[in-house]
Structure formats: C-alpha cells, structure tokens
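Below: one structure, written as structure tokens.
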Amino acid sequence: MKFWDSFLTWLKIKKKEANILIVGLDNSGKSTVVQYFQSGGKRTEVTVPTIGFKVEKFQNAGLTLTAFDMSGQSKYRSLWERYYSDCHGVIFVIDSSDTMRMAVASNELLLMIQHPEMVKNRSTTTTGVPILILANKSDLQVAIPIGQIRAELGLDEINTHPIHLEASNALTGVGLHAGLEWLSDQIIKLNF
Ligand SMILES: Nc1nc2c(ncn2[C@@H]2O[C@H](COP(=O)(O)OP(=O)(O)OP(=O)(O)O)[C@@H](O)[C@H]2O)c(=O)[nH]1
Ligand SMILES: [Mg+2]
C-alpha cells in the first residue's frame, strides 16, 4: 500500500494532501492567519472568536492543505489533542504583545510537544511533527522582540521536532509566506 501510494505520488496522480493544525491562545490571530491564506492574501472579513474549531482548505507549494483552526479559549484547548494523531504539521500562533500570557502560551506549547501523538514514529523517520511558530502581531509597538520570545519559549532546548520561529503580521501577511514555505517543505520531506 505504501509502495502504491509512493508510486502514484511519483506519477503525480495522487494529490499531495496534508492536515495542519492551527493552535495558540485565544486572540493570538489564528483565524486571521487562516483567512489570509484562504483568501489568497486578500483581507476579507473581521474575525470573531472561534467556537470549537473551523476547517478551511488552501493550496501551497503543490500541497492541498486542510487547516483545522482551533479555538484558543481555555475551555476548548482540550480539543486540540484530538487532532494530533492526524496532523502533518502545526502552526502555533503567539500574540507577541501579550506579555502577561507568554508563560501560558509557553506551557501550552510544551504540553503539545510532549504529547505522545506528536512524537510517535511517522512515515520512515522518528522525527516529531514539524511546528511553525508565528510570533504574530509583530507590528504592535509593545510586541516583544523575537529573540526574547525564542528564549521565553525555550526553543533552543527542543530537539524532538523541527521548529521554526517567524515574526508575522497576519493583517498584512508579513512573515506568513516564509513561514508556510518552511512548513510545507518539512511536510513534503517527511511524508511524500
Ligand atoms: N495588530 C494586529 N492585529 C492582529 C494580527 N493578527 C490578528 N489580529 C487581530 O487580533 C484579533 C484576534 O484575531 P483572531 O484571528 O480572531 O484570533 P484567534 O487566535 O483566532 O482567536 P480565537 O478564535 O478566540 O482562539 C482580531 O481583532 C484580529 O484582527 C496582527 O498580526 N496584528
Ligand atoms: Mg479563531
């Protein structure tokens, strides 16, 4: 079956499809990020807090991506782990201006990284699911510098997952393409 899948992918008959999970605290900008990609860079509507989760599709780098845009409200965060086993990549969105809750975001990231479904053997490697971290709202004057965010999240100590940190502004798209390119490359490398 695996050989057949690879053969069809090689023939370009089988579409390269992947699931990505968008998580992070409420108000960090997850739905704005998804909306930006889904609308092809046009800012369409004002977002409202997500209830539960929403599913959207968009294309990037030859991949058809199904994005699970999860709610970041504390009462819905327990839903995230239900989607870990089927995801090929994660976008973890941080509000760079939310100084007060940086420790909470860091704790949620750590819990996710340590979850067994996120580190289990995937395809032919034992590498954990690739994680793109967006230091979003970098346009705000009070945004914490990216170096400080890297330190506060302890990213240099994580060696179980491919991780990439990118400063972003989901309203204008700054940093979003570079971040998604990195994630798509990782997904293709690990799965196709
Ligand atoms: N200044 C600035 N505002 C942003 C940025 N990204 C999102 N926002 C705003 O932040 C607010 C929250 O954005 P959402 O995308 O709804 O946040 P969310 O993470 O999906 O929130 P939940 O669904 O509640 O988990 C909205 O008012 C957005 O317009 C950004 O990069 N810069
Ligand atoms: Mg949302």
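Residue numbering restarts at 1 for every chain of the structure tokens, chains are lettered A, B, ... in their displayed order, and ligands are numbered from 1 as they appear.
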6 Å contact set for Cys87 in chain A, only C-alpha atoms, chain neighbours under 2 positions out, as a PyMOL selection string
chain A and resi 19-20+84-85+89
Put those residues in a file: C-alpha atoms, as a short mmCIF file (atom, residue, chain, number, x, y, z; two decimals), in the first residue's frame.
```cif
data_model
loop_
_atom_site.label_atom_id
_atom_site.label_comp_id
_atom_site.auth_asym_id
_atom_site.auth_seq_id
_atom_site.Cartn_x
_atom_site.Cartn_y
_atom_site.Cartn_z
CA ASN A 19 -3.60 18.33 7.52
CA ILE A 20 -2.31 21.24 9.51
CA TYR A 84 -2.71 15.43 16.94
CA SER A 85 -2.69 11.91 15.51
CA GLY A 89 2.21 19.98 10.65
#
```
Contacts to ligand 2 at 10 Å cut-off (only C-alpha atoms and all ligand atoms) as JSON, numbers by chain
{"A": [22, 23, 24, 25, 26, 27, 28, 29, 30, 31, 32, 33, 34, 35, 47, 48, 49, 50, 51, 52, 53, 54, 69, 70, 71, 72, 73]}
Which residue out of A:Ala105, A:Leu110, A:Leu180, A:Ile188 has the minimum interatomic distance to ligand 1 when only C-alpha atoms and all ligand atoms are used?
A:Ala105
Which one of A:Thr160, A:Ser184, A:Ser168, A:Ser96 sits closest to Gln148 in chain A if you count only C-alpha atoms?
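Looking at the shortest contact to Gln148 in chain A, the residue is A:Ser96.
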Between A:Gln38, A:Thr127, A:Gln186, A:Ser97, which has the minimum distance to Leu140 in chain A (counting only C-alpha atoms)?
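The closest residue to Leu140 in chain A is A:Ser97.
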May I have the residues within 12 Å of Ile146 in chain A as a PyMOL selection string, using only C-alpha atoms and disregarding those fewer than 5 positions away in the same chain?
chain A and resi 94-97+133-139+151-153+155+164-168
Quick one: pick out all strand (DSSP E or B) residues within range 13-178 of chain A from a backbone DSSP run and write them as a PyMOL selection string.
chain A and resi 17-23+53-60+63-70+89-95+122+125+131-136+163-167+169+174
Given only C-alpha atoms and all ligand atoms as the counted atoms, nearest of A:Gly179, A:Pro145, A:Pro116, A:Gly173 to ligand 1:
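Of A:Gly179, A:Pro145, A:Pro116, A:Gly173, the one nearest ligand 1 is A:Gly173, counting only C-alpha atoms and all ligand atoms.
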To one decimal place in Å, what is the distance between atom 16 (O, counted along the ligand's line) of ligand 1 and CA of Glu81 in chain A?
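It comes out at 20.6 Å.
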Nearest to ligand 1, chosen from A:Glu157, A:Asn169, A:Asn60, A:Asp86, with only C-alpha atoms and all ligand atoms counted in the distances:
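Nearest candidate to ligand 1 out of A:Glu157, A:Asn169, A:Asn60, A:Asp86: A:Asn169.
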From the list A:Ala61, A:Ile158, A:Val174, A:Val90, which residue is nearest ligand 1 when using only C-alpha atoms and all ligand atoms?
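Among the listed residues, A:Val174 lies closest to ligand 1.
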Between CA of Gln141 in chain A and atom 30 (C, counted along the ligand's line) of ligand 1, what is the distance, to one decimal in Å?
11.5 Å
So which bits of range 2-182 of chain A end up helix (DSSP H, G or I) when you DSSP the backbone, as a VMD selection string?
chain A and resid 2 to 10 30 to 38 74 to 86 99 to 114 116 to 119 146 to 153 155 to 157 176 to 182
